[in-house]
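Peer 1: Got a file for you: protein.txt, compact mmCIF, C-alpha atoms.
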```
# COMPACT_ATOMS: atom_id res chain seq x y z
CA MET L 131 62.67 25.99 100.43
CA HIS L 132 61.94 25.36 96.74
CA ARG L 133 58.67 23.89 95.60
CA LEU L 134 58.64 21.39 92.77
CA VAL L 135 55.80 19.64 90.97
CA LEU L 136 56.32 15.89 90.55
CA ALA L 137 54.35 12.77 89.73
CA GLU L 138 52.25 11.24 92.49
CA TYR L 139 54.84 8.58 93.39
CA ALA L 140 57.61 11.01 94.32
CA PRO L 141 56.65 12.30 97.81
CA ARG L 142 58.93 9.92 99.72
CA THR L 143 61.97 10.85 97.63
CA ALA L 144 61.19 14.56 97.91
CA GLN L 145 60.88 14.25 101.67
CA LYS L 146 64.31 12.59 101.86
CA LEU L 147 65.75 15.45 99.82
CA GLY L 148 64.01 18.11 101.88
CA VAL L 149 62.02 19.40 98.90
CA ALA L 150 58.42 20.58 99.33
CA LEU L 151 56.08 19.11 96.73
CA THR L 152 53.14 20.64 95.02
CA ILE L 153 51.20 17.88 93.32
CA VAL L 154 48.83 18.85 90.56
CA GLU L 155 46.83 16.39 88.50
CA ALA L 156 45.05 16.44 85.18
CA THR L 157 43.04 13.69 83.55
CA THR L 158 41.98 15.61 80.45
CA ALA L 159 43.62 18.05 78.05
CA GLU L 160 41.47 20.85 79.47
CA GLY L 161 42.52 19.85 82.97
CA LEU L 162 46.11 20.66 82.06
CA ASP L 163 45.23 24.35 81.98
CA LEU L 164 43.92 24.18 85.55
CA ALA L 165 46.86 22.08 86.74
CA PHE L 166 49.44 24.55 85.44
CA ALA L 167 47.47 27.53 86.76
CA SER L 168 47.30 25.81 90.14
CA ALA L 169 51.05 25.08 90.14
CA ALA L 170 51.80 28.72 89.32
CA ALA L 171 49.35 29.98 91.96
CA GLN L 172 51.10 27.76 94.54
CA HIS L 173 54.44 29.29 93.51
CA ALA L 174 55.97 26.06 92.21
CA ASP L 175 59.57 26.56 91.10
CA GLY L 176 59.35 23.97 88.35
CA ILE L 177 57.64 21.01 86.78
CA VAL L 178 58.86 17.45 86.34
CA ASP L 179 56.77 15.56 83.80
CA PHE L 180 57.22 11.81 83.79
CA GLY L 181 55.63 11.36 80.39
CA ASP L 182 52.26 9.81 81.06
CA THR L 183 49.97 9.27 78.08
CA LEU L 184 48.04 12.54 78.48
CA THR L 185 51.09 14.78 78.70
CA PHE L 186 52.86 12.87 75.91
CA VAL L 187 49.93 13.28 73.52
CA GLU L 188 49.45 16.90 74.62
CA ALA L 189 53.18 17.72 74.58
CA SER L 190 52.81 20.96 72.65
CA ARG L 191 50.10 22.12 75.06
CA VAL L 192 52.20 21.14 78.09
CA ILE L 193 55.23 23.00 76.73
CA ALA L 194 53.09 26.07 75.96
CA LEU L 195 51.55 26.03 79.44
CA ALA L 196 54.96 25.76 81.10
CA ALA L 197 56.11 28.76 79.04
CA LYS L 198 52.92 30.73 79.76
CA HIS L 199 53.33 30.24 83.52
CA ARG L 200 57.13 30.64 83.31
CA LEU L 201 57.68 27.26 84.95
CA PRO L 202 60.96 25.52 84.14
CA ALA L 203 60.11 21.96 83.16
CA ASN L 204 62.05 18.73 82.85
CA TYR L 205 60.65 15.96 80.70
CA LEU L 206 61.30 12.26 80.30
CA PHE L 207 61.30 11.98 76.49
CA ARG L 208 63.17 13.63 73.61
CA HIS L 209 59.69 14.38 72.23
CA TYR L 210 59.68 17.54 74.39
CA ALA L 211 63.20 18.80 73.64
CA ASN L 212 62.46 21.55 71.14
CA GLY L 213 60.22 23.54 73.46
CA GLY L 214 60.97 22.22 76.92
CA LEU L 215 63.81 23.31 79.16
CA SER L 216 65.38 19.90 79.59
CA VAL L 217 64.94 16.21 78.97
CA TYR L 218 66.46 13.45 81.07
CA GLY L 219 65.44 9.88 80.51
CA ALA L 220 66.15 6.58 78.87
CA ASP L 221 67.42 6.83 75.31
CA THR L 222 64.34 5.49 73.52
CA ALA L 223 66.23 4.87 70.27
CA ASP L 224 68.54 2.56 72.23
CA LEU L 225 65.53 0.80 73.78
CA PHE L 226 64.05 0.17 70.34
CA ARG L 227 67.37 -1.20 69.03
CA ARG L 228 67.62 -3.53 72.01
CA SER L 229 64.04 -4.71 71.54
CA ALA L 230 65.04 -6.20 68.16
CA GLY L 231 66.91 -8.90 70.06
CA TYR L 232 63.73 -9.79 71.91
CA VAL L 233 61.74 -9.97 68.68
CA ASP L 234 64.41 -12.24 67.19
CA LYS L 235 64.25 -14.61 70.16
CA ILE L 236 60.44 -14.72 70.11
CA LEU L 237 60.40 -15.42 66.37
CA LYS L 238 62.84 -18.26 67.00
CA GLY L 239 60.47 -19.83 69.54
CA THR L 240 61.38 -18.38 72.94
CA LYS L 241 58.32 -17.77 75.07
CA PRO L 242 58.02 -14.09 75.97
CA ALA L 243 57.47 -15.03 79.61
CA ASP L 244 60.90 -16.69 79.63
CA LEU L 245 62.72 -13.53 78.58
CA PRO L 246 64.23 -11.41 81.34
CA VAL L 247 63.04 -7.87 81.97
CA GLN L 248 65.74 -5.42 80.99
CA ARG L 249 66.25 -1.94 82.35
CA PRO L 250 67.45 0.97 80.27
CA THR L 251 71.23 1.19 80.15
CA LYS L 252 71.64 4.39 78.19
CA PHE L 253 70.19 7.72 79.32
CA GLU L 254 70.26 11.10 77.64
CA LEU L 255 70.33 14.65 78.93
CA ILE L 256 69.20 17.40 76.59
CA ILE L 257 69.21 21.05 77.62
CA ASN L 258 67.46 23.77 75.66
CA ILE L 259 69.68 26.82 76.21
CA LYS L 260 67.22 29.09 74.40
CA ILE L 261 64.43 28.22 76.85
CA ALA L 262 66.80 28.64 79.82
CA LYS L 263 67.61 32.16 78.63
CA GLU L 264 63.91 32.97 78.11
CA LEU L 265 63.25 31.89 81.71
CA GLY L 266 66.23 33.89 83.00
CA LEU L 267 68.05 30.78 84.15
CA THR L 268 71.76 30.15 84.14
CA VAL L 269 72.57 26.51 83.52
CA PRO L 270 75.63 25.45 85.53
CA ARG L 271 78.67 24.66 83.41
CA SER L 272 78.94 21.24 85.07
CA LEU L 273 75.50 20.37 83.70
CA LEU L 274 76.28 21.73 80.25
CA ILE L 275 79.39 19.54 80.09
CA ARG L 276 77.38 16.44 80.99
CA ALA L 277 74.60 17.10 78.47
CA ASP L 278 74.37 14.80 75.47
CA GLU L 279 72.83 17.59 73.44
CA LEU L 280 72.45 21.35 73.77
CA ILE L 281 69.72 23.14 71.82
CA GLU L 282 70.49 26.78 71.10
```
What is this file in C-alpha cells?
Peer 2:
Amino acid sequence: MHRLVLAEYAPRTAQKLGVALTIVEATTAEGLDLAFASAAAQHADGIVDFGDTLTFVEASRVIALAAKHRLPANYLFRHYANGGLSVYGADTADLFRRSAGYVDKILKGTKPADLPVQRPTKFELIINIKIAKELGLTVPRSLLIRADELIE
C-alpha cells in the first residue's frame, strides 16, 4: 500500500480510496525541514501540498526539500511549476478575470453580501517532465495528453 502525505482534512477521502496517510505539519519555515524529514523517514511515496500560506511563501524551500528527500510532490498553484513535479488546481488567472465582474457590480452599488459565491470552473494540470525524470518516474501517456502544460 502506498503512503501519501496530505493536508489534515483528507483522511476520510484517503480511507475511501484505500490509501494510507502520513500527516506531517509545519507552522514555521524551520518546521518544514522537520516535516519533510519525517515524511521521508516514514517512507511516504509523495507529497500533496494544498497551498497554505506558509508553503506558498516558502515555495522555493518546499520544492528544494521535496527534491532533497526525493519525494514527488503535487501542488495547487502554478507558482510551484518550475521546480515541482506537478500542479493541479484552479486556474488563478481565470479566477482573477472573473473577479472583475464582481468588482464592477460592487462599484455599481451591489452589496457584496448579495453576490453569489462562485466556484472555479477552469482547472489546470502542469507536469514538469524534467523533475519526473530526475525522480525516476514515468508519467503515463494518458496524463501527458490531459496536461495543459508540460515543462521539459
Peer 1: Which protein, DNA or RNA residues are at most 9 Å from (47.2, 19.3, 92.0) in the file's coordinates when you count only C-alpha atoms, listed as a compact mmCIF listing (two decimals) with C-alpha atoms, keeping the file's coordinate frame?
Peer 2:
```txt
# COMPACT_ATOMS: atom_id res chain seq x y z
CA VAL L 135 55.80 19.64 90.97
CA THR L 152 53.14 20.64 95.02
CA ILE L 153 51.20 17.88 93.32
CA VAL L 154 48.83 18.85 90.56
CA GLU L 155 46.83 16.39 88.50
CA ALA L 156 45.05 16.44 85.18
CA LEU L 164 43.92 24.18 85.55
CA ALA L 165 46.86 22.08 86.74
CA PHE L 166 49.44 24.55 85.44
CA SER L 168 47.30 25.81 90.14
CA ALA L 169 51.05 25.08 90.14
```
Peer 1: So how many Å separate atom CA of Asn204 of chain L and atom CA of Arg191 of chain L, to one decimal?
Peer 2: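 For atom CA of Asn204 of chain L relative to atom CA of Arg191 of chain L, the distance reads 14.7 Å.
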Peer 1: Mind pulling up the distance from atom CA of Arg227 of chain L to atom CA of Ser190 of chain L?
Peer 2: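 Those two atoms sit 26.8 Å apart.
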Peer 1: Rounded to one decimal, what separation in Å do you get between atom CA of Ile259 of chain L and atom CA of Arg208 of chain L?
Peer 2: 14.9 Å
Peer 1: Given the choices L:Leu201, L:Val178, L:Ala144, L:Ala159, which gets closest to Ile261 of chain L if the distance is worked out from only C-alpha atoms?
Peer 2: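 Of L:Leu201, L:Val178, L:Ala144, L:Ala159, the one nearest Ile261 of chain L is L:Leu201, counting only C-alpha atoms.
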Peer 1: My list of candidates is L:Ala167, L:Val192, L:Ala262, L:Leu267. Which is closest to Leu215 of chain L when distances are computed with all atoms listed in the file?
Peer 2: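 Residue with the minimum atom-to-atom distance to Leu215 of chain L: L:Ala262.
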Peer 1: Smallest atom-to-atom distance to Leu162 of chain L: which of L:Leu237, L:Leu274, L:Leu280, L:Ala194, using all atoms listed in the file?
Peer 2: L:Ala194
Peer 1: Any idea what's packed within 12 Å of Glu188 of chain L, counting only C-alpha atoms, ignoring anything in its chain fewer than 6 positions away? Could you give it as a list in words?
Peer 2: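 Contacts, in chain order: Ala156, Thr157, Thr158, Ala159, Glu160, Gly161, Leu162, Asp163, Asp179, Gly181, Asp182, Ala194, Leu195, His209 and Tyr210 of chain L.
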Peer 1: From the options L:Asp244, L:Asp234, L:Glu254, L:Asp175, which residue's atoms come nearest to Ala203 of chain L, counting only C-alpha atoms?
Peer 2: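 Of L:Asp244, L:Asp234, L:Glu254, L:Asp175, the one nearest Ala203 of chain L, counting only C-alpha atoms, is L:Asp175.
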Peer 1: Which is closer to Ile281 of chain L than all the others in L:Val247, L:Val217, L:Leu225, L:Ala189, using all atoms listed in the file?
Peer 2: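 Looking only at the distances to Ile281 of chain L, the closest residue turns out to be L:Val217.
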Peer 1: Please determine, counting only C-alpha atoms, which residue among L:Ala150, L:Val187, L:Ala277, L:Ile256 has the shortest atom-to-atom distance to Ala211 of chain L.
Peer 2: L:Ile256
